[in-house]
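**Student:** Below: one structure in structure tokens.
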There are 2 protein chains.
Amino acid sequence: MEGRTHMVQFVGTQNMIDLVGSIGLEDLFRKLVTYIEQDFIRWNQFDKTPRVASHSDNGVIELMPTADHDLYGFKYVNGHPQNPVHGLQTVTAFGVLADVATGYPEFISEMTIATALRTAATSAMAAKYLAREDTKVMALIGLGAQAEFQALAFKAILGIRELRVFDVDPAAYPKFLRNMVGSGIRITEARSAEEAVMGADIITTVTADKRRATILSDNMIGAGVHINAVGGDCPGKTELQRDILLRSDIFVEFPPQTRVEGEIQQLDADYPVTELWQVIAGEKPGRSSPRQITLFDSVGFAVEDFSALRFFRDQVQGTRFYRDIDLIAEPNDPRDLFGLLARTGSAAGQPALTS
Amino acid sequence: MEGRTHMVQFVGTQNMIDLVGSIGLEDLFRKLVTYIEQDFIRWNQFDKTPRVASHSDNGVIELMPTADHDLYGFKYVNGHPQNPVHGLQTVTAFGVLADVATGYPEFISEMTIATALRTAATSAMAAKYLAREDTKVMALIGLGAQAEFQALAFKAILGIRELRVFDVDPAAYPKFLRNMVGSGIRITEARSAEEAVMGADIITTVTADKRRATILSDNMIGAGVHINAVGGDCPGKTELQRDILLRSDIFVEFPPQTRVEGEIQQLDADYPVTELWQVIAGEKPGRSSPRQITLFDSVGFAVEDFSALRFFRDQVQGTRFYRDIDLIAEPNDPRDLFGLLARTGSAAGQPALTS
């Protein structure tokens, strides 16, 4: 071909699995949290917009772009609650980083696994600022695709070594337990969400497939608890009874998005919430008393994907965990894009073209 | 790895070059125009939104999504007018098709070349409905990266065999001429845009790098001409003097986008325009008299990229012009995403993780 090809670094599924294995999950969570914190601290440097959603009968496909002065990132992600019925995942994703100065894409990565990692890392990061310091026990409601990631992130970041878990599906617990063998976390199966939350310092809800479900009701929530609400993440999908929200101090990622997608879609549009970045940047207090109920109403925001893409890009440099793909054509003379075709028999004068 | 990997078909730069070569450019334009027409005729079936732009000092990065009932598509594209100074292209792009029913990505392709192809195909398609039937001569102002594509599309679709060309950069013409050798098109170099348009039935403007430039002034435009205005395609960037617009019947792709990006950004927000799809669907007339001045105010719309992605996806099936990449992780049990990691030493209990 005439001209260079601008190569884009591609991290596929197998690359990601091997990379995660080479770092180790707990180390990965510790490093990834530092990347997310770096970006939350400089929150105002980001070009932010609610995600761009395309809804259909079965689910939603979203694009989540953001950019700072140097780097542009976006994630493609779907949410199809009925997919598991057909043996498919509810959520799949991939993401891209590009150079703001030139607009050229530089890095493309699978993000099905990476999204689970960044969601868990963000949850644990929030809890570091919002949970009580003497936190020991976490309840984990929902043992689906995200459960193990949440458990290990909270072990890595907060030292959680005791989990009380529940899922409505009896098959979920054996799957979870098998994956957690050797994790150093003591796991107790509860017979209900109510039983799981008894004595828990942190309550993580990460259920799916539900509309306006009440995973937690008001009488289950005692003083001093931190609630990490991960599963309510699209319009019409919530996990918490409204009364819980009224007793909690609520922390969110990006209010314009959370008010539509999060637990707070149950509240008035001007109900006071704190942006998590303000806590991490030291501009607003996180937890201010041991009896306070704190709630991280997590829906996932583009800046977290940006942080994750930065992290994985940095991690794979100089390793075998990516390969180059020729995503972007680059002729020697930028005005001669056509010249790329001219050398291969496809150009104007070649036999293939004669009409 | 535990579980399948959902493979995505990837058409890289070299694949695209080889594919175009195997079809031949003129045949390709004829086939691609039928795909675009199919989608314009069923315009109301598409989920449409103006592109999502992230602006910076040097340029813009955009995501252009659209979807019908079955298929979701988006294009990533940048526009960086100063890139050629550094030997880089102004525009690069890639695109993705996904299954609306599952949200799974199915197809990813380079679109730097494909965008030039679909832009030229759309221009020629519009001219088929809007130019005079006795059209023989086209003026082509701007001999940059898109010029040859426009020339060959108009030859393939309208039978144009005489071009009058002009570019302010003296190096552009030899490049253009070299690429057009053997095309069967008679080419005359003009010393000015004014000279180029004399006697032309169609005027194509496809310049770049300009802000509110006046490539065409009112006195240059005679009765019966069709103007194919391709280069004015972002806020603050236009090519035509405003008076020309007032004398023309104006056809656009998607008014909410064109009113911001196209030539009609110079007009009132309610200035009457016709949507091109209505003409192609037979709902509105195209050209109605031989003395009418018609203007296709082209800015490029997501549906055209969707059509192009559909076309290239269909073309590569059963060929060697794509390869599979493991963009999407797919565990056997969709609730056991973590299990993908568990088999490679990265899971909870493996030594790499012990903290």
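Within each chain, counting starts at residue 1; across the structure tokens, chains are named A, B, ... in the order shown, with ligands numbered 1 upward in that order.
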Write out as an MDAnalysis selection string which residues come within 12 Å of B:Ala156 when counting only C-alpha atoms, dropping same-chain ones fewer than 3 positions away.

**Tutor:** (chainID A and resid 348 353:355) or (chainID B and resid 24:33 120:121 123:125 127:128 149:153 159:161 183:185)

**Student:** Env of stretch 105-108 of chain B: 7 Å cut, atoms = only C-alpha atoms, seq-sep filter 5 positions within chain, self excluded. Answer as a ChimeraX atom specification.

**Tutor:** /B:8-11,95-99,313

**Student:** Output as a PyMOL selection string the set of chain B residues within 6 Å of chain A, with distances taken over only C-alpha atoms.

**Tutor:** chain B and resi 12-13+17+21+24-26+58+78+84+88-89+101+103+110+144-145+180-183+326-327+329+334-337+341+345-346+348-349+352-353

**Student:** Determine, counting only C-alpha atoms, which protein, DNA and RNA residues have an atom within 8 Å of an atom of stretch 295-305 of chain B; residues of the same chain fewer than 4 positions away are not included. Present the result as a tab-separated table (two decimals) with all heavy atoms, in the first residue's frame.

**Tutor:**
chain	number	residue	atom	x	y	z
B	36	ILE	N	-27.80	3.30	-0.20
B	36	ILE	CA	-28.17	4.58	0.41
B	36	ILE	C	-29.61	4.92	0.05
B	36	ILE	O	-30.39	5.38	0.90
B	36	ILE	CB	-27.19	5.70	-0.03
B	36	ILE	CG1	-25.75	5.34	0.37
B	36	ILE	CG2	-27.59	7.04	0.59
B	36	ILE	CD1	-24.69	6.29	-0.19
B	39	ASP	N	-32.11	3.12	2.17
B	39	ASP	CA	-32.25	3.65	3.53
B	39	ASP	C	-32.92	5.02	3.53
B	39	ASP	O	-33.67	5.34	4.45
B	39	ASP	CB	-30.88	3.68	4.21
B	39	ASP	CG	-30.37	2.27	4.53
B	39	ASP	OD1	-31.22	1.35	4.63
B	39	ASP	OD2	-29.15	2.09	4.68
B	40	PHE	N	-32.67	5.83	2.50
B	40	PHE	CA	-33.35	7.14	2.44
B	40	PHE	C	-34.85	6.95	2.22
B	40	PHE	O	-35.66	7.70	2.77
B	40	PHE	CB	-32.74	8.00	1.32
B	40	PHE	CG	-31.59	8.86	1.77
B	40	PHE	CD1	-30.45	8.29	2.32
B	40	PHE	CD2	-31.64	10.24	1.67
B	40	PHE	CE1	-29.38	9.08	2.75
B	40	PHE	CE2	-30.58	11.05	2.09
B	40	PHE	CZ	-29.45	10.46	2.63
B	46	PHE	N	-35.70	5.26	10.92
B	46	PHE	CA	-34.44	5.42	11.63
B	46	PHE	C	-34.57	6.30	12.87
B	46	PHE	O	-35.29	7.31	12.86
B	46	PHE	CB	-33.37	6.04	10.70
B	46	PHE	CG	-32.83	5.06	9.71
B	46	PHE	CD1	-33.38	4.95	8.45
B	46	PHE	CD2	-31.78	4.22	10.06
B	46	PHE	CE1	-32.89	4.03	7.53
B	46	PHE	CE2	-31.28	3.30	9.15
B	46	PHE	CZ	-31.84	3.20	7.89
B	48	LYS	N	-32.94	8.97	14.69
B	48	LYS	CA	-31.99	9.97	14.19
B	48	LYS	C	-31.67	11.01	15.26
B	48	LYS	O	-32.55	11.44	16.00
B	48	LYS	CB	-32.57	10.68	12.95
B	48	LYS	CG	-32.70	9.77	11.75
B	48	LYS	CD	-33.33	10.49	10.56
B	48	LYS	CE	-34.80	10.76	10.78
B	48	LYS	NZ	-35.65	9.58	10.77
B	51	ARG	N	-25.18	14.64	15.24
B	51	ARG	CA	-23.98	13.98	15.76
B	51	ARG	C	-23.54	14.60	17.09
B	51	ARG	O	-23.81	15.76	17.37
B	51	ARG	CB	-22.86	14.02	14.76
B	51	ARG	CG	-22.61	15.33	14.08
B	51	ARG	CD	-21.59	15.14	12.96
B	51	ARG	NE	-21.78	16.06	11.86
B	51	ARG	CZ	-21.36	15.81	10.62
B	51	ARG	NH1	-20.73	14.70	10.34
B	51	ARG	NH2	-21.57	16.68	9.65
B	64	MET	N	-21.48	9.49	15.40
B	64	MET	CA	-22.68	9.62	14.58
B	64	MET	C	-23.47	8.31	14.64
B	64	MET	O	-23.28	7.44	13.80
B	64	MET	CB	-22.27	9.94	13.14
B	64	MET	CG	-21.46	11.23	13.02
B	64	MET	SD	-20.74	11.48	11.37
B	64	MET	CE	-22.21	11.71	10.38
B	65	PRO	N	-24.39	8.19	15.60
B	65	PRO	CA	-25.16	6.96	15.72
B	65	PRO	C	-26.50	7.06	14.98
B	65	PRO	O	-27.08	8.14	14.83
B	65	PRO	CB	-25.40	6.85	17.22
B	65	PRO	CG	-25.45	8.28	17.69
B	65	PRO	CD	-24.59	9.10	16.75
B	66	THR	N	-26.99	5.92	14.55
B	66	THR	CA	-28.37	5.80	14.07
B	66	THR	C	-28.75	4.33	14.16
B	66	THR	O	-27.89	3.46	14.31
B	66	THR	CB	-28.55	6.33	12.64
B	66	THR	OG1	-29.96	6.44	12.37
B	66	THR	CG2	-27.92	5.42	11.60
B	73	GLY	N	-25.94	1.40	14.10
B	73	GLY	CA	-24.63	1.73	13.55
B	73	GLY	C	-24.13	3.05	14.10
B	73	GLY	O	-24.92	3.92	14.46
B	74	PHE	N	-22.82	3.18	14.21
B	74	PHE	CA	-22.27	4.50	14.50
B	74	PHE	C	-20.93	4.64	13.83
B	74	PHE	O	-20.26	3.66	13.51
B	74	PHE	CB	-22.15	4.78	16.01
B	74	PHE	CG	-20.95	4.17	16.66
B	74	PHE	CD1	-19.75	4.88	16.74
B	74	PHE	CD2	-20.99	2.90	17.20
B	74	PHE	CE1	-18.63	4.32	17.35
B	74	PHE	CE2	-19.88	2.33	17.80
B	74	PHE	CZ	-18.70	3.04	17.88
B	75	LYS	N	-20.57	5.90	13.60
B	75	LYS	CA	-19.26	6.21	13.06
B	75	LYS	C	-18.53	7.14	14.02
B	75	LYS	O	-19.12	8.05	14.59
B	75	LYS	CB	-19.37	6.88	11.70
B	75	LYS	CG	-18.01	7.20	11.06
B	75	LYS	CD	-18.13	7.59	9.60
B	75	LYS	CE	-18.55	9.03	9.42
B	75	LYS	NZ	-18.44	9.47	8.02
B	95	GLY	N	-16.19	2.72	11.79
B	95	GLY	CA	-17.60	2.53	12.12
B	95	GLY	C	-17.91	1.13	12.60
B	95	GLY	O	-17.12	0.20	12.40
B	115	THR	N	-15.74	6.66	4.18
B	115	THR	CA	-16.43	7.95	4.26
B	115	THR	C	-16.30	8.72	2.96
B	115	THR	O	-17.27	9.33	2.49
B	115	THR	CB	-15.88	8.79	5.43
B	115	THR	OG1	-16.19	8.12	6.65
B	115	THR	CG2	-16.49	10.18	5.46
B	118	ARG	N	-18.77	7.02	0.61
B	118	ARG	CA	-20.20	7.28	0.85
B	118	ARG	C	-20.55	8.74	0.62
B	118	ARG	O	-21.67	9.05	0.20
B	118	ARG	CB	-20.63	6.78	2.23
B	118	ARG	CG	-20.20	7.61	3.45
B	118	ARG	CD	-21.16	8.77	3.71
B	118	ARG	NE	-21.10	9.24	5.08
B	118	ARG	CZ	-20.87	10.50	5.44
B	118	ARG	NH1	-20.60	11.42	4.53
B	118	ARG	NH2	-20.87	10.84	6.72
B	119	THR	N	-19.61	9.64	0.87
B	119	THR	CA	-19.87	11.06	0.62
B	119	THR	C	-20.05	11.30	-0.88
B	119	THR	O	-21.01	11.97	-1.31
B	119	THR	CB	-18.72	11.92	1.17
B	119	THR	OG1	-18.61	11.69	2.57
B	119	THR	CG2	-18.96	13.40	0.90
B	122	THR	N	-23.33	9.69	-2.06
B	122	THR	CA	-24.50	10.48	-1.68
B	122	THR	C	-24.63	11.72	-2.56
B	122	THR	O	-25.74	12.07	-2.99
B	122	THR	CB	-24.40	10.89	-0.19
B	122	THR	OG1	-24.26	9.71	0.60
B	122	THR	CG2	-25.65	11.65	0.25
B	123	SER	N	-23.50	12.36	-2.85
B	123	SER	CA	-23.52	13.52	-3.76
B	123	SER	C	-24.08	13.14	-5.12
B	123	SER	O	-24.94	13.84	-5.67
B	123	SER	CB	-22.10	14.06	-3.94
B	123	SER	OG	-21.67	14.77	-2.81
B	126	ALA	N	-27.83	12.37	-4.99
B	126	ALA	CA	-28.63	13.60	-4.95
B	126	ALA	C	-28.71	14.24	-6.33
B	126	ALA	O	-29.78	14.67	-6.77
B	126	ALA	CB	-28.03	14.58	-3.93
B	127	ALA	N	-27.57	14.28	-7.01
B	127	ALA	CA	-27.53	14.92	-8.32
B	127	ALA	C	-28.40	14.18	-9.34
B	127	ALA	O	-28.96	14.79	-10.25
B	127	ALA	CB	-26.08	15.00	-8.81
B	226	HIS	N	-26.93	22.72	-11.02
B	226	HIS	CA	-27.04	22.01	-9.74
B	226	HIS	C	-25.74	22.20	-8.98
B	226	HIS	O	-24.65	21.93	-9.51
B	226	HIS	CB	-27.31	20.52	-9.95
B	226	HIS	CG	-27.23	19.73	-8.67
B	226	HIS	ND1	-28.10	19.93	-7.62
B	226	HIS	CD2	-26.37	18.76	-8.26
B	226	HIS	CE1	-27.79	19.10	-6.63
B	226	HIS	NE2	-26.75	18.39	-6.98
B	227	ILE	N	-25.86	22.66	-7.73
B	227	ILE	CA	-24.67	22.87	-6.89
B	227	ILE	C	-24.61	21.75	-5.85
B	227	ILE	O	-25.57	21.51	-5.12
B	227	ILE	CB	-24.73	24.24	-6.18
B	227	ILE	CG1	-24.89	25.36	-7.20
B	227	ILE	CG2	-23.47	24.44	-5.34
B	227	ILE	CD1	-25.18	26.72	-6.56
B	228	ASN	N	-23.47	21.09	-5.82
B	228	ASN	CA	-23.22	20.00	-4.87
B	228	ASN	C	-22.18	20.53	-3.86
B	228	ASN	O	-20.98	20.47	-4.11
B	228	ASN	CB	-22.69	18.79	-5.66
B	228	ASN	CG	-22.19	17.67	-4.78
B	228	ASN	OD1	-22.81	17.36	-3.76
B	228	ASN	ND2	-21.08	17.05	-5.17
B	229	ALA	N	-22.68	21.10	-2.76
B	229	ALA	CA	-21.82	21.80	-1.81
B	229	ALA	C	-21.42	20.85	-0.69
B	229	ALA	O	-22.20	20.58	0.22
B	229	ALA	CB	-22.53	23.03	-1.26
B	230	VAL	N	-20.21	20.35	-0.77
B	230	VAL	CA	-19.76	19.29	0.14
B	230	VAL	C	-18.89	19.83	1.27
B	230	VAL	O	-18.87	19.30	2.37
B	230	VAL	CB	-18.97	18.21	-0.65
B	230	VAL	CG1	-18.49	17.10	0.26
B	230	VAL	CG2	-19.83	17.65	-1.77
B	231	GLY	N	-18.16	20.92	0.98
B	231	GLY	CA	-17.12	21.34	1.91
B	231	GLY	C	-17.59	22.12	3.13
B	231	GLY	O	-16.93	22.12	4.15
B	232	GLY	N	-18.75	22.78	3.05
B	232	GLY	CA	-19.23	23.52	4.22
B	232	GLY	C	-19.92	22.54	5.14
B	232	GLY	O	-21.06	22.18	4.93
B	233	ASP	N	-19.23	22.09	6.17
B	233	ASP	CA	-19.78	20.98	6.93
B	233	ASP	C	-19.53	21.08	8.42
B	233	ASP	O	-19.58	20.09	9.13
B	233	ASP	CB	-19.24	19.66	6.39
B	233	ASP	CG	-17.74	19.57	6.54
B	233	ASP	OD1	-17.12	20.57	6.92
B	233	ASP	OD2	-17.20	18.49	6.30
B	234	CYS	N	-19.26	22.29	8.90
B	234	CYS	CA	-19.24	22.43	10.36
B	234	CYS	C	-19.54	23.89	10.72
B	234	CYS	O	-19.48	24.77	9.85
B	234	CYS	CB	-17.93	21.95	10.97
B	234	CYS	SG	-16.52	22.94	10.58
B	245	LEU	N	-27.79	31.07	-2.05
B	245	LEU	CA	-28.78	30.26	-1.34
B	245	LEU	C	-30.19	30.79	-1.59
B	245	LEU	O	-31.13	30.02	-1.74
B	245	LEU	CB	-28.48	30.24	0.16
B	245	LEU	CG	-27.05	29.89	0.58
B	245	LEU	CD1	-26.94	29.85	2.11
B	245	LEU	CD2	-26.61	28.56	-0.01
B	248	SER	N	-31.66	29.61	-4.83
B	248	SER	CA	-31.67	28.16	-5.06
B	248	SER	C	-32.83	27.48	-4.33
B	248	SER	O	-33.33	28.00	-3.33
B	248	SER	CB	-30.37	27.54	-4.53
B	248	SER	OG	-29.23	28.16	-5.06
B	249	ASP	N	-33.23	26.31	-4.86
B	249	ASP	CA	-34.03	25.40	-4.07
B	249	ASP	C	-33.06	24.47	-3.34
B	249	ASP	O	-32.21	23.82	-3.96
B	249	ASP	CB	-34.99	24.62	-4.96
B	249	ASP	CG	-36.10	25.52	-5.47
B	249	ASP	OD1	-36.80	26.14	-4.63
B	249	ASP	OD2	-36.25	25.64	-6.71
B	250	ILE	N	-33.20	24.44	-2.02
B	250	ILE	CA	-32.18	23.82	-1.18
B	250	ILE	C	-32.65	22.47	-0.66
B	250	ILE	O	-33.75	22.34	-0.12
B	250	ILE	CB	-31.82	24.75	0.00
B	250	ILE	CG1	-31.36	26.11	-0.53
B	250	ILE	CG2	-30.77	24.11	0.90
B	250	ILE	CD1	-31.14	27.17	0.55
B	251	PHE	N	-31.79	21.48	-0.82
B	251	PHE	CA	-32.07	20.11	-0.38
B	251	PHE	C	-31.02	19.70	0.65
B	251	PHE	O	-29.83	19.94	0.45
B	251	PHE	CB	-32.05	19.17	-1.59
B	251	PHE	CG	-33.10	19.54	-2.62
B	251	PHE	CD1	-32.85	20.54	-3.55
B	251	PHE	CD2	-34.34	18.91	-2.63
B	251	PHE	CE1	-33.81	20.90	-4.50
B	251	PHE	CE2	-35.31	19.26	-3.58
B	251	PHE	CZ	-35.04	20.26	-4.50
B	252	VAL	N	-31.49	19.11	1.74
B	252	VAL	CA	-30.57	18.78	2.84
B	252	VAL	C	-30.84	17.35	3.32
B	252	VAL	O	-31.87	16.75	3.01
B	252	VAL	CB	-30.74	19.76	4.02
B	252	VAL	CG1	-30.58	21.20	3.57
B	252	VAL	CG2	-32.09	19.56	4.72
B	253	GLU	N	-29.89	16.85	4.12
B	253	GLU	CA	-30.04	15.51	4.66
B	253	GLU	C	-30.94	15.53	5.90
B	253	GLU	O	-32.04	14.99	5.90
B	253	GLU	CB	-28.65	14.95	4.99
B	253	GLU	CG	-27.84	14.63	3.73
B	253	GLU	CD	-26.38	14.98	3.86
B	253	GLU	OE1	-26.05	16.08	4.37
B	253	GLU	OE2	-25.53	14.15	3.45
B	254	PHE	N	-30.49	16.15	6.96
B	254	PHE	CA	-31.22	16.13	8.23
B	254	PHE	C	-31.21	17.55	8.77
B	254	PHE	O	-30.20	18.02	9.29
B	254	PHE	CB	-30.53	15.16	9.20
B	254	PHE	CG	-31.21	14.98	10.51
B	254	PHE	CD1	-32.52	14.53	10.58
B	254	PHE	CD2	-30.54	15.24	11.71
B	254	PHE	CE1	-33.16	14.35	11.80
B	254	PHE	CE2	-31.16	15.06	12.93
B	254	PHE	CZ	-32.47	14.62	12.97
B	258	THR	N	-28.06	20.12	9.55
B	258	THR	CA	-27.61	21.00	8.46
B	258	THR	C	-27.75	22.47	8.85
B	258	THR	O	-26.92	23.29	8.46
B	258	THR	CB	-28.42	20.72	7.17
B	258	THR	OG1	-28.44	19.31	6.93
B	258	THR	CG2	-27.79	21.42	5.98
B	261	GLU	N	-24.56	23.13	10.65
B	261	GLU	CA	-23.27	22.81	10.02
B	261	GLU	C	-23.17	23.22	8.56
B	261	GLU	O	-22.07	23.37	8.04
B	261	GLU	CB	-23.02	21.31	10.11
B	261	GLU	CG	-23.02	20.79	11.54
B	261	GLU	CD	-22.85	19.27	11.60
B	261	GLU	OE1	-22.80	18.63	10.53
B	261	GLU	OE2	-22.78	18.75	12.71
B	262	GLY	N	-24.29	23.31	7.89
B	262	GLY	CA	-24.27	23.45	6.42
B	262	GLY	C	-24.22	24.88	5.95
B	262	GLY	O	-24.05	25.83	6.72
B	263	GLU	N	-24.36	25.05	4.63
B	263	GLU	CA	-24.42	26.40	4.05
B	263	GLU	C	-25.58	27.19	4.65
B	263	GLU	O	-25.49	28.41	4.81
B	263	GLU	CB	-24.59	26.29	2.53
B	263	GLU	CG	-23.41	25.63	1.81
B	263	GLU	CD	-22.11	26.39	2.00
B	263	GLU	OE1	-22.15	27.63	2.13
B	263	GLU	OE2	-21.05	25.74	2.03
B	264	ILE	N	-26.67	26.50	4.99
B	264	ILE	CA	-27.86	27.22	5.47
B	264	ILE	C	-27.70	27.75	6.89
B	264	ILE	O	-28.62	28.38	7.41
B	264	ILE	CB	-29.14	26.36	5.36
B	264	ILE	CG1	-29.00	25.06	6.17
B	264	ILE	CG2	-29.46	26.05	3.91
B	264	ILE	CD1	-30.33	24.30	6.28
B	309	LEU	N	-21.91	0.97	5.93
B	309	LEU	CA	-21.52	-0.17	6.76
B	309	LEU	C	-22.29	-1.42	6.34
B	309	LEU	O	-21.72	-2.52	6.25
B	309	LEU	CB	-21.75	0.15	8.24
B	309	LEU	CG	-20.73	1.11	8.86
B	309	LEU	CD1	-21.25	1.67	10.18
B	309	LEU	CD2	-19.39	0.40	9.08

**Student:** What are the DSSP strand (DSSP E) residues of stretch 37-270 of chain B, as a VMD selection string?

**Tutor:** chain B and resid 52 to 55 60 to 67 71 to 79 93 to 99 105 to 110 137 to 141 162 to 166 186 to 189 202 to 205 226 to 229 249 to 252

**Student:** Could you find all residues in stretch 255-336 of chain A that DSSP calls helix (DSSP H, G or I) from the backbone, and write them as a PyMOL selection string?

**Tutor:** chain A and resi 255-261+263-266+276-280+302-316

**Student:** Would you work out the distance separating atom CA of A:Leu276 from atom CA of A:Pro255, expressed in Å to one decimal?

**Tutor:**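 For atom CA of A:Leu276 relative to atom CA of A:Pro255, the distance reads 10.0 Å.
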
**Student:** Could you check which of A:Lys237, A:Arg132, A:Arg259, A:Arg323 is closest to A:Ile202, using only C-alpha atoms?

**Tutor:**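 Checking each of A:Lys237, A:Arg132, A:Arg259, A:Arg323 against A:Ile202, counting only C-alpha atoms, the winner is A:Arg132.
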